[in-house]
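Colleague: Data file work_29.txt (compact mmCIF, C-alpha atoms) is appended below.
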```
# COMPACT_ATOMS: atom_id res chain seq x y z
CA MET A 1 110.46 -50.35 19.11
CA GLN A 2 109.29 -53.39 21.01
CA LYS A 3 107.81 -53.40 24.52
CA LEU A 4 111.11 -54.63 25.95
CA GLU A 5 112.89 -51.52 24.77
CA TYR A 6 110.24 -49.26 26.32
CA LYS A 7 110.56 -51.13 29.60
CA PHE A 8 114.34 -50.85 29.47
CA LEU A 9 114.29 -47.13 28.73
CA PHE A 10 112.01 -46.72 31.75
CA PHE A 11 114.26 -48.94 33.86
CA ILE A 12 117.45 -46.91 33.22
CA PRO A 13 116.31 -43.59 34.79
CA LEU A 14 114.61 -45.50 37.62
CA LEU A 15 117.78 -47.41 38.48
CA SER A 16 119.87 -44.25 38.15
CA PHE A 17 117.52 -42.40 40.52
CA LEU A 18 117.71 -45.21 43.08
CA PHE A 19 121.51 -45.22 42.79
CA PHE A 20 121.87 -41.50 43.46
CA ILE A 21 119.45 -41.72 46.38
CA GLY A 22 121.46 -44.62 47.84
CA ASN A 23 124.78 -42.90 47.23
CA SER A 24 123.56 -39.68 48.89
CA THR A 25 122.37 -41.71 51.89
CA LEU A 26 125.85 -43.22 52.25
CA VAL A 27 127.44 -39.76 52.09
CA PHE A 28 125.18 -38.47 54.88
CA ALA A 29 125.89 -41.62 56.89
CA GLN A 30 129.63 -41.06 56.55
CA ASN A 31 129.27 -37.47 57.76
CA ASP A 32 127.28 -38.72 60.74
CA ILE A 33 130.02 -41.26 61.49
CA TYR A 34 132.54 -38.44 61.34
CA GLN A 35 130.64 -36.45 63.96
CA HIS A 36 130.44 -39.39 66.39
CA HIS A 37 133.73 -41.08 65.61
CA THR A 38 135.65 -42.65 68.51
CA HIS A 39 138.67 -44.10 66.67
CA GLN A 40 137.79 -47.73 67.25
CA GLU A 41 140.24 -50.19 65.75
CA GLY A 42 139.44 -51.10 62.14
CA GLU A 43 137.46 -47.92 61.52
CA ARG A 44 138.41 -44.96 59.38
CA ILE A 45 139.77 -42.02 61.32
CA HIS A 46 139.06 -38.42 60.44
CA LEU A 47 141.66 -36.37 58.63
CA GLU A 48 142.99 -32.86 58.96
CA PHE A 49 144.20 -31.15 55.83
CA LEU A 50 146.83 -28.40 55.60
CA GLU A 51 145.24 -25.47 53.83
CA ASN A 52 147.43 -23.92 51.20
CA THR A 53 147.77 -20.33 52.37
CA GLN A 54 150.92 -19.78 50.32
CA SER A 55 151.87 -20.49 46.69
CA LYS A 56 150.80 -23.73 45.06
CA THR A 57 154.35 -25.10 44.83
CA SER A 58 155.46 -24.24 48.35
CA PHE A 59 154.27 -27.53 49.88
CA ASP A 60 156.77 -29.55 47.82
CA GLU A 61 159.74 -28.00 49.64
CA LEU A 62 158.34 -27.83 53.18
CA THR A 63 160.08 -29.97 55.81
CA ILE A 64 158.44 -31.55 58.82
CA TYR A 65 160.01 -28.89 61.04
CA GLU A 66 158.29 -26.17 59.03
CA ILE A 67 155.04 -28.15 59.02
CA GLU A 68 155.23 -28.37 62.80
CA LYS A 69 155.02 -24.57 62.93
CA LEU A 70 151.87 -24.60 60.76
CA THR A 71 149.74 -26.83 62.97
CA THR A 72 147.07 -24.14 63.34
CA TYR A 73 146.50 -24.24 59.56
CA PHE A 74 145.32 -27.87 59.59
CA VAL A 75 141.54 -27.98 59.22
CA PRO A 76 139.26 -31.01 59.78
CA ILE A 77 137.70 -32.64 56.72
CA GLN A 78 133.97 -33.17 57.04
CA SER A 79 134.27 -36.68 55.65
CA MET A 80 136.37 -39.77 56.11
CA TYR A 81 137.89 -39.24 52.66
CA LEU A 82 140.11 -36.62 51.05
CA ASN A 83 139.72 -36.57 47.28
CA LEU A 84 141.53 -33.83 45.36
CA GLY A 85 141.33 -35.40 41.90
CA PHE A 86 144.41 -35.08 39.68
CA GLU A 87 146.61 -32.97 41.95
CA GLU A 88 150.37 -33.16 41.30
CA ASN A 89 151.57 -30.94 44.17
CA ALA A 90 152.50 -32.45 47.52
CA GLN A 91 149.79 -32.35 50.19
CA TRP A 92 150.03 -32.70 53.96
CA ILE A 93 147.43 -34.60 56.01
CA ARG A 94 147.38 -35.05 59.78
CA VAL A 95 145.68 -37.74 61.87
CA LYS A 96 145.52 -37.74 65.65
CA ILE A 97 145.63 -41.03 67.54
CA PRO A 98 144.19 -40.82 71.05
CA PRO A 99 146.13 -42.25 74.02
CA HIS A 100 145.91 -45.97 74.77
CA VAL A 101 146.13 -47.68 78.12
CA GLU A 102 149.03 -49.86 77.00
CA ASN A 103 151.86 -49.16 74.61
CA LYS A 104 151.12 -51.24 71.51
CA ILE A 105 152.04 -51.58 67.88
CA PHE A 106 149.30 -50.38 65.59
CA TYR A 107 148.93 -49.96 61.84
CA LEU A 108 147.75 -47.07 59.68
CA GLU A 109 146.30 -48.17 56.34
CA LEU A 110 145.81 -45.88 53.35
CA GLU A 111 143.00 -47.48 51.37
CA TYR A 112 143.85 -46.08 47.93
CA PRO A 113 146.86 -48.03 46.57
CA LEU A 114 147.78 -45.87 43.54
CA LEU A 115 149.75 -43.18 45.37
CA ASP A 116 153.28 -42.55 44.09
CA SER A 117 155.00 -41.26 47.22
CA VAL A 118 153.74 -41.26 50.81
CA SER A 119 155.93 -40.26 53.78
CA LEU A 120 154.72 -40.72 57.35
CA PHE A 121 156.22 -38.47 60.04
CA TYR A 122 155.71 -38.90 63.78
CA LYS A 123 157.53 -37.68 66.89
CA ASP A 124 158.89 -40.04 69.49
CA THR A 125 157.30 -39.00 72.78
CA ILE A 126 160.36 -40.08 74.75
CA SER A 127 163.27 -38.73 72.71
CA ASP A 128 161.23 -35.87 71.19
CA SER A 129 162.77 -36.64 67.78
CA TRP A 130 161.04 -37.06 64.43
CA HIS A 131 160.81 -40.43 62.68
CA VAL A 132 159.88 -40.94 59.04
CA LYS A 133 158.72 -43.89 56.95
CA HIS A 134 158.36 -43.96 53.17
CA SER A 135 156.05 -45.95 50.93
CA GLY A 136 154.14 -45.68 47.64
CA ASP A 137 154.07 -47.37 44.26
CA MET A 138 157.24 -45.58 43.13
CA LEU A 139 159.26 -47.67 45.61
CA PRO A 140 159.94 -51.43 45.31
CA PHE A 141 157.19 -53.43 46.98
CA TYR A 142 159.53 -55.20 49.42
CA GLN A 143 160.22 -51.89 51.21
CA ARG A 144 156.70 -51.82 52.65
CA ASP A 145 156.06 -52.58 56.31
CA ILE A 146 153.35 -55.10 55.40
CA ASN A 147 153.08 -57.30 52.31
CA TYR A 148 149.74 -55.86 51.20
CA HIS A 149 148.34 -54.12 48.12
CA ASN A 150 147.34 -51.03 50.13
CA LEU A 151 149.89 -48.84 51.89
CA ILE A 152 150.23 -49.80 55.56
CA PHE A 153 152.55 -48.21 58.12
CA LYS A 154 153.54 -49.92 61.35
CA ILE A 155 153.40 -47.34 64.15
CA PRO A 156 153.84 -47.22 67.93
CA VAL A 157 150.89 -45.97 69.95
CA SER A 158 151.60 -44.68 73.43
CA LYS A 159 149.68 -43.56 76.50
CA ASP A 160 149.90 -40.02 75.14
CA SER A 161 148.00 -38.59 72.19
CA VAL A 162 150.20 -38.60 69.06
CA SER A 163 149.84 -36.72 65.77
CA TYR A 164 150.93 -38.40 62.54
CA TYR A 165 151.67 -36.39 59.41
CA PHE A 166 151.36 -37.76 55.88
CA ARG A 167 153.10 -36.09 52.98
CA VAL A 168 151.40 -37.36 49.82
CA LYS A 169 152.56 -36.66 46.28
CA THR A 170 151.30 -38.45 43.18
CA LYS A 171 150.88 -37.92 39.45
CA GLY A 172 147.49 -39.61 39.40
CA SER A 173 144.33 -39.11 41.41
CA LEU A 174 145.05 -38.03 44.99
CA GLN A 175 142.67 -39.92 47.28
CA VAL A 176 143.34 -40.48 50.97
CA SER A 177 141.41 -42.34 53.64
CA VAL A 178 143.07 -43.84 56.71
CA LYS A 179 142.19 -46.79 58.94
CA LEU A 180 143.68 -47.62 62.32
CA TRP A 181 144.26 -51.32 63.05
CA ASN A 182 145.71 -53.51 65.71
CA GLU A 183 147.61 -56.57 64.56
CA SER A 184 144.92 -59.25 64.97
CA ASN A 185 142.14 -57.22 63.36
CA LEU A 186 144.37 -56.17 60.47
CA PHE A 187 145.31 -59.70 59.46
CA GLU A 188 141.70 -60.86 59.77
CA GLU A 189 140.75 -58.07 57.36
CA ILE A 190 143.57 -58.99 54.97
CA LEU A 191 142.50 -62.65 54.88
CA GLY A 192 138.86 -61.72 54.31
CA GLU A 193 139.66 -59.30 51.49
CA GLN A 194 142.05 -61.73 49.81
CA PHE A 195 139.31 -64.35 49.90
CA ILE A 196 136.86 -61.98 48.16
CA PHE A 197 139.28 -60.78 45.50
CA GLY A 198 140.64 -64.29 45.04
CA GLY A 199 137.11 -65.42 44.25
CA LEU A 200 136.66 -62.46 41.88
CA PHE A 201 139.80 -63.25 39.88
CA GLY A 202 138.89 -66.93 40.00
CA ILE A 203 135.64 -66.06 38.22
CA PHE A 204 137.64 -64.15 35.62
CA MET A 205 139.92 -67.11 34.96
CA VAL A 206 136.95 -69.48 34.60
CA LEU A 207 135.20 -67.10 32.18
CA ALA A 208 138.39 -66.65 30.14
CA ALA A 209 138.97 -70.40 29.96
CA TYR A 210 135.33 -70.84 28.94
CA GLY A 211 135.75 -68.33 26.13
CA PHE A 212 138.96 -69.85 24.80
CA LEU A 213 137.64 -73.41 25.03
CA ILE A 214 134.27 -72.81 23.37
CA GLY A 215 135.82 -70.47 20.81
CA SER A 216 138.38 -73.10 19.85
CA LEU A 217 135.83 -75.92 19.66
CA LEU A 218 133.22 -73.95 17.70
CA LYS A 219 135.81 -71.94 15.78
CA THR A 220 133.91 -68.77 16.68
CA ARG A 221 135.78 -65.48 17.03
CA SER A 222 133.17 -63.99 19.35
CA TYR A 223 134.14 -66.37 22.17
CA LEU A 224 137.84 -65.69 21.64
CA TYR A 225 137.25 -61.93 21.70
CA TYR A 226 135.23 -62.44 24.86
CA ALA A 227 138.11 -64.30 26.49
CA MET A 228 140.44 -61.42 25.64
CA LEU A 229 137.91 -59.00 27.13
CA VAL A 230 137.84 -60.99 30.38
CA LEU A 231 141.64 -61.07 30.63
CA SER A 232 141.94 -57.34 29.95
CA ALA A 233 139.30 -56.63 32.62
CA ALA A 234 141.21 -58.81 35.09
CA LEU A 235 144.43 -56.95 34.25
CA PHE A 236 142.81 -53.55 34.76
CA LEU A 237 141.17 -54.43 38.09
CA SER A 238 144.40 -56.01 39.40
CA VAL A 239 146.29 -52.81 38.54
CA PHE A 240 143.53 -50.54 39.84
CA ASN A 241 143.43 -52.33 43.21
CA GLY A 242 147.19 -52.68 43.61
CA TYR A 243 147.33 -56.47 43.27
CA ALA A 244 149.34 -56.41 40.05
CA PHE A 245 152.10 -54.42 41.75
CA GLN A 246 152.06 -56.82 44.69
CA TYR A 247 152.16 -60.08 42.73
CA LEU A 248 153.32 -59.37 39.16
CA TRP A 249 155.92 -56.58 39.11
CA ALA A 250 156.84 -55.88 42.73
CA THR A 251 160.40 -54.90 41.78
CA ALA A 252 159.41 -52.70 38.81
CA PRO A 253 157.76 -49.58 40.24
CA ASP A 254 158.30 -47.56 37.05
CA TRP A 255 156.26 -50.02 35.01
CA GLY A 256 153.75 -50.27 37.87
CA ASN A 257 153.07 -46.57 37.42
CA GLN A 258 152.63 -46.92 33.65
CA ALA A 259 150.44 -50.00 33.96
CA LEU A 260 147.26 -48.08 34.80
CA PRO A 261 146.86 -46.13 31.52
CA PHE A 262 148.13 -49.21 29.65
CA SER A 263 145.49 -51.49 31.21
CA ILE A 264 142.71 -48.94 30.63
CA GLY A 265 143.71 -48.65 26.98
CA VAL A 266 143.80 -52.43 26.54
CA LEU A 267 140.41 -52.87 28.23
CA THR A 268 138.90 -50.16 26.01
CA VAL A 269 140.19 -51.83 22.84
CA SER A 270 138.98 -55.27 23.96
CA ALA A 271 135.51 -54.08 24.92
CA LEU A 272 135.02 -52.19 21.65
CA ASN A 273 136.32 -55.05 19.49
CA PHE A 274 134.04 -57.54 21.21
CA THR A 275 131.04 -55.22 20.86
CA GLN A 276 131.67 -54.66 17.15
CA LEU A 277 131.99 -58.37 16.43
CA PHE A 278 129.19 -59.64 18.66
CA LEU A 279 126.57 -57.00 17.75
CA LEU A 280 127.51 -56.98 14.05
CA THR A 281 127.80 -53.20 14.04
CA ARG A 282 129.04 -53.16 10.45
CA LYS A 283 125.54 -54.28 9.46
CA HIS A 284 123.31 -52.89 12.23
CA ALA A 285 125.08 -49.65 13.25
CA PRO A 286 127.80 -48.61 10.75
CA VAL A 287 128.11 -45.06 12.08
CA LEU A 288 128.59 -46.29 15.63
CA GLN A 289 131.19 -48.76 14.37
CA LYS A 290 133.28 -45.91 12.97
CA LEU A 291 133.08 -44.10 16.31
CA MET A 292 134.12 -47.27 18.10
CA GLN A 293 137.04 -47.75 15.75
CA PHE A 294 138.16 -44.18 16.48
CA SER A 295 137.89 -44.72 20.25
CA SER A 296 139.70 -48.05 19.95
CA LEU A 297 142.49 -46.32 18.03
CA ILE A 298 142.94 -43.77 20.83
CA GLY A 299 143.07 -46.51 23.47
CA GLY A 300 145.58 -48.49 21.43
CA ILE A 301 147.83 -45.48 20.86
CA VAL A 302 147.89 -44.55 24.54
CA ALA A 303 148.64 -48.16 25.54
CA SER A 304 151.53 -48.15 23.07
CA ILE A 305 153.18 -44.92 24.21
CA VAL A 306 152.88 -45.10 28.01
CA PHE A 307 156.64 -45.72 28.15
CA ILE A 308 157.46 -42.17 27.02
CA GLY A 309 156.19 -40.59 30.25
CA TYR A 310 153.52 -37.89 30.60
CA TYR A 311 151.62 -40.14 33.01
CA ASN A 312 149.13 -37.53 34.15
CA LEU A 313 148.22 -36.39 30.64
CA LEU A 314 147.98 -39.89 29.17
CA THR A 315 145.91 -41.11 32.10
CA GLN A 316 143.39 -38.30 31.72
CA ILE A 317 143.18 -38.91 27.96
CA VAL A 318 142.66 -42.65 28.28
CA VAL A 319 140.16 -42.21 31.14
CA GLY A 320 138.10 -39.74 29.13
CA ASN A 321 138.24 -42.09 26.16
CA ALA A 322 137.10 -44.99 28.37
CA VAL A 323 133.97 -43.07 29.37
CA PHE A 324 133.27 -42.32 25.70
CA ALA A 325 133.83 -45.98 24.79
CA ALA A 326 131.54 -47.24 27.58
CA SER A 327 128.82 -44.86 26.39
CA LEU A 328 129.24 -46.18 22.84
CA VAL A 329 128.98 -49.79 24.03
CA LEU A 330 125.78 -49.05 25.94
CA TYR A 331 124.19 -46.98 23.17
CA THR A 332 125.08 -49.59 20.53
CA ALA A 333 123.54 -52.37 22.63
CA VAL A 334 120.32 -50.39 23.05
CA ILE A 335 120.12 -49.41 19.37
CA THR A 336 120.78 -52.90 18.03
CA ARG A 337 118.21 -54.34 20.42
CA ALA A 338 115.68 -51.72 19.35
CA ARG A 339 116.31 -52.68 15.73
CA GLY A 340 115.40 -56.28 16.44
CA PHE A 341 118.81 -57.83 17.07
CA ALA A 342 117.68 -60.47 19.57
CA TYR A 343 121.17 -61.49 20.74
CA SER A 344 121.79 -58.17 22.50
CA ARG A 345 118.99 -58.45 25.05
CA PHE A 346 121.32 -59.40 27.91
CA VAL A 347 124.19 -57.21 26.71
CA VAL A 348 121.98 -54.14 27.21
CA SER A 349 121.71 -54.63 30.97
CA GLY A 350 125.36 -55.65 31.29
CA SER A 351 126.55 -52.64 29.31
CA TYR A 352 124.48 -50.32 31.48
CA LEU A 353 126.02 -51.64 34.70
CA PHE A 354 129.49 -51.59 33.15
CA SER A 355 129.06 -47.98 32.00
CA ILE A 356 127.80 -46.88 35.41
CA GLY A 357 130.77 -48.55 37.12
CA ILE A 358 133.26 -46.83 34.81
CA LEU A 359 131.53 -43.46 35.18
CA LEU A 360 131.61 -43.70 38.98
CA ALA A 361 135.30 -44.60 39.01
CA VAL A 362 136.12 -41.68 36.71
CA LEU A 363 134.06 -39.15 38.66
CA LYS A 364 135.70 -40.32 41.89
CA SER A 365 139.17 -40.10 40.32
CA PHE A 366 138.58 -36.47 39.37
CA GLY A 367 137.18 -35.67 42.84
CA ILE A 368 133.71 -34.86 41.49
CA VAL A 369 131.73 -37.35 43.61
CA ASP A 370 132.27 -38.43 47.20
CA THR A 371 133.86 -41.77 48.00
CA THR A 372 131.30 -44.33 49.19
CA PHE A 373 131.02 -48.09 48.91
CA ILE A 374 129.12 -47.68 45.64
CA THR A 375 131.56 -45.26 44.03
CA LYS A 376 134.56 -47.22 45.32
CA HIS A 377 133.48 -50.71 44.25
CA GLY A 378 131.05 -49.91 41.44
CA ILE A 379 133.72 -50.62 38.83
CA GLU A 380 134.27 -54.18 40.14
CA LEU A 381 130.55 -54.92 40.45
CA GLY A 382 129.71 -53.43 37.06
CA THR A 383 132.53 -55.33 35.34
CA VAL A 384 131.59 -58.69 36.84
CA PHE A 385 127.92 -58.37 35.89
CA TYR A 386 128.86 -57.15 32.41
CA LEU A 387 131.14 -60.14 31.78
CA LEU A 388 128.62 -62.63 33.15
CA LEU A 389 125.79 -61.20 31.04
CA CYS A 390 128.03 -61.19 27.96
CA ALA A 391 128.68 -64.90 28.55
CA VAL A 392 124.92 -65.46 28.81
CA SER A 393 124.46 -63.48 25.58
CA LEU A 394 127.00 -65.60 23.75
CA ASN A 395 125.25 -68.77 24.85
CA ASP A 396 121.89 -67.21 23.98
CA ARG A 397 123.08 -66.41 20.46
CA TYR A 398 124.43 -69.90 19.95
CA THR A 399 121.12 -71.39 21.14
CA LEU A 400 119.03 -69.09 18.94
CA GLN A 401 121.19 -69.77 15.89
CA LYS A 402 121.02 -73.52 16.55
CA ASN A 403 117.21 -73.41 16.84
CA THR A 404 116.96 -71.29 13.70
CA LYS A 405 119.02 -73.76 11.70
CA LYS A 406 116.92 -76.61 13.08
CA GLU A 407 113.71 -74.88 12.02
CA GLU A 408 115.15 -74.16 8.56
CA THR A 409 116.16 -77.80 8.20
CA GLU A 410 112.70 -78.98 9.21
CA ASP A 411 111.06 -76.57 6.76
CA THR A 412 113.35 -77.81 3.99
CA GLU A 413 112.50 -81.42 4.77
CA GLN A 414 108.77 -80.65 4.71
CA GLU A 415 109.11 -78.86 1.39
CA TYR A 416 111.02 -81.84 0.01
CA LYS A 417 108.32 -84.25 1.15
CA LYS A 418 105.67 -82.18 -0.60
```
Using the file provided, produce a representation of the structure as structure tokens.

Modeller:
Amino acid sequence: MQKLEYKFLFFIPLLSFLFFIGNSTLVFAQNDIYQHHTHQEGERIHLEFLENTQSKTSFDELTIYEIEKLTTYFVPIQSMYLNLGFEENAQWIRVKIPPHVENKIFYLELEYPLLDSVSLFYKDTISDSWHVKHSGDMLPFYQRDINYHNLIFKIPVSKDSVSYYFRVKTKGSLQVSVKLWNESNLFEEILGEQFIFGGLFGIFMVLAAYGFLIGSLLKTRSYLYYAMLVLSAALFLSVFNGYAFQYLWATAPDWGNQALPFSIGVLTVSALNFTQLFLLTRKHAPVLQKLMQFSSLIGGIVASIVFIGYYNLLTQIVVGNAVFAASLVLYTAVITRARGFAYSRFVVSGSYLFSIGILLAVLKSFGIVDTTFITKHGIELGTVFYLLLCAVSLNDRYTLQKNTKKEETEDTEQEYKK
């Protein structure tokens, strides 16, 4: 094994150690914020969670009038996030908004967009009657208060303290964090986030066009497979962040719910096919190729049968398979590089970041790790770096092959002259 491989194998545990230290620091910082939180506009507000003192299914049938009698059972969460993993039963969360000097219209934002059904209950302080608003990705997009990929509820805030109750039910991962906004701050945030994600998807489109163009000109399948990988990554991230539901199928909530396991399956197949072709696994790692073909088959099957239902089961299968596939991609890159395959030198680092991003997203989805900036956005960062480094690797391979042919031609000419 060359010195580069030894350095890389040392670099992986070092980077992993630094990540976990940084992630732990963010968790402690969030807990400190919770202890000193003042509910300033644009900040996350702390949550209270209704403990299940009865049977597991009882929460599905409870009405707001019954919930009102259980206020003493709500307990504060020692974090700004509630993450229960794959929990199919309805859950009740309460937030308390302190009194404001003037009566204003405010907004409550739920930062995780992939929630099937969310109902917001609040009592009018004047009429003493309950009001309810419904949202979630099982309802057509136009029914939302705000045209935004996250769930946002428009609420009145009065001079009195008001409690707001969320009833959340979803077939996927149940993650809840809430922000309080006034109108001006909210739309500034929306514009800023749209600028960032617009730039992200712009990069994807440029990379895809680059792959298709170069692949067509050079008649090289690797570039075409790369372009398909970029498009599948863009599809997955648009679904994962709620943008696909907002812009592509706003009136098709049923398909919007099936799109997540479908996009994960498609991304898995694309990543494995590109890896097999680019790293020549048939020659350099035949055993790993068979494993990748098996994982690709699972991803393809799940993507093909998402229409039959069983969302929770299929999602967990395809997510587990995605982790397995990412591990295969990383291990194959390391092994082929160790065996002298020069073209994989940049793919190794990209695959590592990609695998870490996927692992963080999966662990967060199952409620195993806390939600921080790193665990929340690691999948986007890892994917971008992976795609960029794959593009560099493709260009690197083309350059190396071109130089090799040039050297062979020169050697042939010298031999001919002799």

Colleague: So what do you get for atom CA of Phe204 of chain A versus atom CA of Leu218 of chain A, distance-wise?

Modeller: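 These two atoms are separated by 20.9 Å.
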
Colleague: Report the distance between atom CA of Glu88 of chain A and atom CA of Val118 of chain A in Å, rounded to one decimal place.

Modeller: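 Spanning atom CA of Glu88 of chain A to atom CA of Val118 of chain A is a straight-line distance of 12.9 Å.
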
Colleague: Neighbouring residues of segment 71-81 of chain A were defined as those with any atom within 8 Å, considering only C-alpha atoms; residues of the same chain fewer than 2 positions away were excluded. Please report them as a ChimeraX atom specification.

Modeller: /A:30-31,34,44-51,67-69,83,93-94,175-178,370-371

Colleague: Skipping near chain neighbours, those fewer than 6 positions away, what residues fall within 9 Å of Pro261 of chain A using only C-alpha atoms, listed as a ChimeraX atom specification?

Modeller: /A:299,302-303,306,311,314-319

Colleague: Interatomic distance between atom CA of Leu139 of chain A and atom CA of Gln246 of chain A?

Modeller: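 Straight-line distance from atom CA of Leu139 of chain A to atom CA of Gln246 of chain A works out to 11.7 Å.
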
Colleague: Using only C-alpha atoms, pick whichever of A:Phe278, A:Phe187, A:Leu360, A:Thr383 has the shortest atom-to-atom distance to Arg397 of chain A.

Modeller: A:Phe278

Colleague: I'd like to know which of A:Ser344, A:Asn150, A:Asn257, A:Thr170 is closest to Gly309 of chain A, using all atoms listed in the file.

Modeller: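 Selected residue with least distance to Gly309 of chain A: A:Asn257.
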
Colleague: Using all atoms listed in the file, list the residues that have an atom at most 9 Å from (123.9, -54.3, 27.3), coordinates as in the file, as an MDAnalysis selection string.

Modeller: chainID A and resid 329:334 337 344:354 386 389:390

Colleague: Would you kindly identify which residues have an atom no farther than 12 Å from (148.3, -41.1, 70.9), using all atoms listed in the file and the file's own coordinates, and write them out as a list in words?

Modeller: His39, Val95, Lys96, Ile97, Pro98, Pro99, His100, Val101, Glu102, Asn103, Lys104, Ile105, Phe106, Tyr122, Lys123, Asp124, Thr125, Ile155, Pro156, Val157, Ser158, Lys159, Asp160, Ser161, Val162, Ser163, Tyr164 and Leu180 of chain A

Colleague: Return the single residue from A:Ile126, A:Leu115, A:Leu186, A:Ala90 that is closest to Met138 of chain A, with distances computed using only C-alpha atoms.

Modeller: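 Between A:Ile126, A:Leu115, A:Leu186, A:Ala90, the residue approaching Met138 of chain A most closely is A:Leu115.
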
Colleague: List the neighbours of Val239 of chain A out to 9 Å using only C-alpha atoms; skip same-chain residues closer than 6 positions along the sequence, and give me the result as a PyMOL selection string.

Modeller: chain A and resi 114+245+256+259-260+263

Colleague: In terms of the shortest atom-to-atom distance over all atoms listed in the file, which of A:Leu207, A:Ile368, A:Tyr226, A:Lys154 is closest to Glu183 of chain A?

Modeller: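 Smallest separation from Glu183 of chain A among the options: A:Lys154.
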
Colleague: Under the rule that only C-alpha atoms are counted, which of A:Tyr398, A:Phe59, A:Tyr148, A:Phe212 is the nearest residue to Val168 of chain A?

Modeller: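 Once distances to Val168 of chain A are computed over only C-alpha atoms, the minimum belongs to A:Phe59.
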
Colleague: Using all atoms listed in the file, which residues sit within 9 Å of Leu267 of chain A once same-chain residues fewer than 3 positions away are excluded, as a compact mmCIF listing (two decimals) with C-alpha atoms, in the coordinates of the input?

Modeller:
```txt
# COMPACT_ATOMS: atom_id res chain seq x y z
CA MET A 228 140.44 -61.42 25.64
CA LEU A 229 137.91 -59.00 27.13
CA VAL A 230 137.84 -60.99 30.38
CA LEU A 231 141.64 -61.07 30.63
CA SER A 232 141.94 -57.34 29.95
CA ALA A 233 139.30 -56.63 32.62
CA LEU A 235 144.43 -56.95 34.25
CA PHE A 236 142.81 -53.55 34.76
CA PHE A 262 148.13 -49.21 29.65
CA SER A 263 145.49 -51.49 31.21
CA ILE A 264 142.71 -48.94 30.63
CA SER A 270 138.98 -55.27 23.96
CA ALA A 271 135.51 -54.08 24.92
CA LEU A 272 135.02 -52.19 21.65
CA GLY A 299 143.07 -46.51 23.47
CA ALA A 322 137.10 -44.99 28.37
```

Colleague: Tell me which protein, DNA and RNA residues are within 9 Å of Ile203 of chain A, counting all atoms listed in the file, leaving out same-chain ones fewer than 5 positions away, and put them as a ChimeraX atom specification.

Modeller: /A:198,208,384

Colleague: Go ahead and dump the residues you just picked, C-alpha atoms, as a short mmCIF file (atom, residue, chain, number, x, y, z; two decimals), in the frame of the given file.

Modeller:
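Result written to selection_36.cif:
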```
data_model
loop_
_atom_site.label_atom_id
_atom_site.label_comp_id
_atom_site.auth_asym_id
_atom_site.auth_seq_id
_atom_site.Cartn_x
_atom_site.Cartn_y
_atom_site.Cartn_z
CA GLY A 198 140.64 -64.29 45.04
CA ALA A 208 138.39 -66.65 30.14
CA VAL A 384 131.59 -58.69 36.84
#
```
